[in-house]
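Comments concern the structure below.
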Amino acid sequence: MRIFSFFSRHIKLDSGYFMTDMVSAIKNDTTFVTSPHDIARDFPAPEDLAQIILRSSESDINTAADVRSAEMVRKSQIISHFTEKFGLKVEYTPDICCSPNGNADVYYSASDKLQNIIDYTPRYTSIETL
């Protein structure tokens with residue numbers, strides 16, 4: 001199974017990723033500095049991932065498949081949500097350019113292969129997961 005993005009409460013907040021930097025800013029009551037460039041990501045919920053693993057382990061199928069949530073999310077949506085829910089303070093600057101793993105604008109899969117092979121549809125959207 002290929003997982004494009006995943007977020008956990010146990011992640012190291014100093015890892016330099018978009019989500020960790022944003023959560024660190026909220027936790028430390030500092031301003032989150034990011035570029036105005038919008039990106040798209042997908043964060044499957046732990047419950048969905050557990051169900052996929054369980055159903056896959058009960059199957060005889062041996063294939064590669066992409067894990068996804070019920071709906072991907074854009075960076076602008078995440079920032080808006082975290083601003084409303086947690087009082088995130090944001091500053092936009094074009095000087096911020098990279099995440100530790102590169103600059104992919106779209107980093108998620110729209111594949112329904114898992115639905116077809118193990119009859120599973122994700123329950124949670126990315127924003128609900130976050």
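As shown in the structure tokens, the chain order sets the letters A, B, ...; within each chain, residues go from 1, and ligands are also counted from 1 in the order they appear.
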Give me, as number ranges by chain, the residues of chain A that a backbone DSSP run labels strand (DSSP E or B). A: 2-3, 31-34, 40-41, 66-67, 73-74, 89-92, 99, 102, 106-107
Contact table segment 9-60 of chain A vs segment 114-127 of chain A, cut-off 8 Å, shortest pair per residue, only C-alpha atoms, as CSV:
```
residue,atom,partner,partner_atom,distance
A:Asp42,CA,A:Ser126,CA,5.6
A:Phe43,CA,A:Ser126,CA,4.7
A:Pro44,CA,A:Ser126,CA,6.2
A:Ala45,CA,A:Tyr124,CA,6.3
A:Asp48,CA,A:Pro122,CA,5.8
A:Ile52,CA,A:Tyr120,CA,7.1
A:Arg55,CA,A:Ile118,CA,6.3
A:Ser56,CA,A:Ile118,CA,6.6
A:Ser59,CA,A:Ile118,CA,7.3
```
Saved selection, atoms kept: C-alpha atoms, as a compact mmCIF listing (two decimals), in the first residue's frame:
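Output saved as selection.txt:
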```txt
# COMPACT_ATOMS: atom_id res chain seq x y z
CA ASP A 42 -4.53 13.71 1.16
CA PHE A 43 -4.48 12.47 4.76
CA PRO A 44 -6.18 9.10 5.35
CA ALA A 45 -7.65 8.60 8.81
CA ASP A 48 -9.65 4.01 7.52
CA ILE A 52 -7.83 -1.23 4.78
CA ARG A 55 -9.61 -6.16 4.81
CA SER A 56 -6.41 -6.60 2.81
CA SER A 59 -7.94 -11.17 1.00
```
Mind listing the helix (DSSP H, G or I) residues of segment 36-119 of chain A, per DSSP on the backbone, as a ChimeraX atom specification? /A:46-57,75-86,113-118
Tell me, as a list in words, which residues lie within 8 Å of segment 79-87 of chain A, counting only C-alpha atoms; anything in the same chain fewer than 3 positions away does not count.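 Skipping anything fewer than 3 positions along the chain leaves Ile26, Lys75 and Ser76 of chain A.
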Keeping C-alpha atoms, export the residues of the selection given above as a PDB file, in the first residue's frame.
```
ATOM      1  CA  ILE A  26      -0.334  26.907  17.280  1.00  0.00           C
ATOM      2  CA  LYS A  75      -3.452  23.990   1.842  1.00  0.00           C
ATOM      3  CA  SER A  76      -5.753  27.027   1.842  1.00  0.00           C
TER       4      SER A  76
END
```
So the first atom is atom CA of Ser35 of chain A and the second is atom CA of Met22 of chain A; what is the distance between them in Å, to one decimal place? 12.4 Å
Close residues, Val33 of chain A itself excluded, 9 Å, only C-alpha atoms, min 3 positions apart in chain, as a compact mmCIF listing (two decimals) with all heavy atoms, in the first residue's frame:
```txt
# COMPACT_ATOMS: atom_id res chain seq x y z
N ASP A 21 4.94 22.27 11.00
CA ASP A 21 5.23 23.69 11.23
C ASP A 21 3.98 24.43 11.70
O ASP A 21 4.03 25.28 12.59
CB ASP A 21 5.79 24.35 9.96
CG ASP A 21 7.19 23.89 9.63
OD1 ASP A 21 7.82 23.20 10.45
OD2 ASP A 21 7.65 24.22 8.52
N MET A 22 2.84 24.10 11.12
CA MET A 22 1.59 24.77 11.49
C MET A 22 1.18 24.40 12.92
O MET A 22 0.82 25.28 13.71
CB MET A 22 0.48 24.41 10.50
CG MET A 22 -0.76 25.24 10.69
SD MET A 22 -1.96 25.04 9.36
CE MET A 22 -2.20 23.30 9.38
N ALA A 25 3.37 26.17 15.40
CA ALA A 25 3.00 27.58 15.56
C ALA A 25 1.81 27.73 16.51
O ALA A 25 1.79 28.62 17.36
CB ALA A 25 2.69 28.20 14.20
N LYS A 89 -2.23 31.97 13.55
CA LYS A 89 -1.81 33.24 12.96
C LYS A 89 -0.91 32.91 11.77
O LYS A 89 0.02 32.09 11.90
CB LYS A 89 -1.06 34.08 13.98
CG LYS A 89 -1.92 34.49 15.18
CD LYS A 89 -1.11 35.24 16.21
CE LYS A 89 -0.33 34.22 17.00
NZ LYS A 89 0.04 34.54 18.35
N VAL A 90 -1.17 33.54 10.62
CA VAL A 90 -0.47 33.19 9.39
C VAL A 90 0.17 34.41 8.75
O VAL A 90 -0.43 35.49 8.72
CB VAL A 90 -1.45 32.56 8.36
CG1 VAL A 90 -0.70 32.12 7.10
CG2 VAL A 90 -2.20 31.41 8.96
N GLU A 91 1.36 34.21 8.25
CA GLU A 91 2.05 35.23 7.46
C GLU A 91 2.49 34.56 6.16
O GLU A 91 3.07 33.47 6.17
CB GLU A 91 3.28 35.75 8.20
CG GLU A 91 4.09 36.76 7.42
CD GLU A 91 5.35 37.16 8.16
OE1 GLU A 91 5.31 37.27 9.40
OE2 GLU A 91 6.38 37.33 7.48
N TYR A 92 2.17 35.21 5.04
CA TYR A 92 2.54 34.67 3.74
C TYR A 92 3.78 35.38 3.21
O TYR A 92 3.85 36.61 3.26
CB TYR A 92 1.39 34.82 2.75
CG TYR A 92 0.19 33.98 3.11
CD1 TYR A 92 -0.88 34.52 3.81
CD2 TYR A 92 0.15 32.63 2.78
CE1 TYR A 92 -1.97 33.75 4.16
CE2 TYR A 92 -0.94 31.84 3.13
CZ TYR A 92 -1.99 32.41 3.81
OH TYR A 92 -3.07 31.63 4.15
N THR A 93 4.73 34.59 2.73
CA THR A 93 5.93 35.14 2.14
C THR A 93 6.37 34.26 0.98
O THR A 93 6.36 33.03 1.10
CB THR A 93 7.08 35.28 3.16
OG1 THR A 93 8.22 35.79 2.51
CG2 THR A 93 7.41 33.97 3.84
N ILE A 96 9.44 31.30 1.24
CA ILE A 96 9.34 29.92 1.72
C ILE A 96 9.13 29.04 0.49
O ILE A 96 8.18 29.23 -0.25
CB ILE A 96 8.16 29.75 2.70
CG1 ILE A 96 8.27 30.70 3.87
CG2 ILE A 96 8.03 28.30 3.15
CD1 ILE A 96 9.44 30.43 4.78
```
For Ile39 of chain A, please output as a PyMOL selection string all residues within 7 Å (counting only C-alpha atoms; exclusion window: fewer than 5 positions along the same chain). chain A and resi 74-75+105-106
Give me the residues within 7 Å of Met1 of chain A as a list in words, counting only C-alpha atoms and dropping any in the same chain fewer than 6 places off.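 What passes the distance filter is Ala64, Ala65, Asp66 and Val67 of chain A.
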Next, write the just-selected residues to a file, as a CSV table (one decimal), in the first residue's frame, keeping C-alpha atoms as the atom set.
```
chain,number,residue,atom,x,y,z
A,64,ALA,CA,-0.1,-2.6,-5.1
A,65,ALA,CA,-2.7,0.1,-4.3
A,66,ASP,CA,-2.9,3.7,-3.1
A,67,VAL,CA,-4.4,4.6,0.2
```
Check the smallest atom-to-atom distance from each of A:Asn62, A:Ser109, A:Thr20, A:Gln77 to Ile3 of chain A using only C-alpha atoms, then report the winner.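 Using only C-alpha atoms, the shortest distance to Ile3 of chain A belongs to A:Ser109.
When only C-alpha atoms are used to compute distances to Tyr108 of chain A, the closest of the residues A:Phe6, A:Asp29, A:Tyr17, A:Asp38 turns out to be A:Phe6.
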Between A:Thr31, A:Pro46, A:Leu88, A:Arg41, which is the closest to Ser8 of chain A once you count only C-alpha atoms?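 Counting only C-alpha atoms, the residue closest to Ser8 of chain A is A:Pro46.
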Nearest to Leu49 of chain A by atom-to-atom distance, counting only C-alpha atoms, from A:Ser15, A:Ser111, A:Thr129, A:Ser24: A:Thr129
Quick one: distance from atom CA of Gln51 of chain A to atom CA of Val23 of chain A in Å, one decimal? 26.9 Å
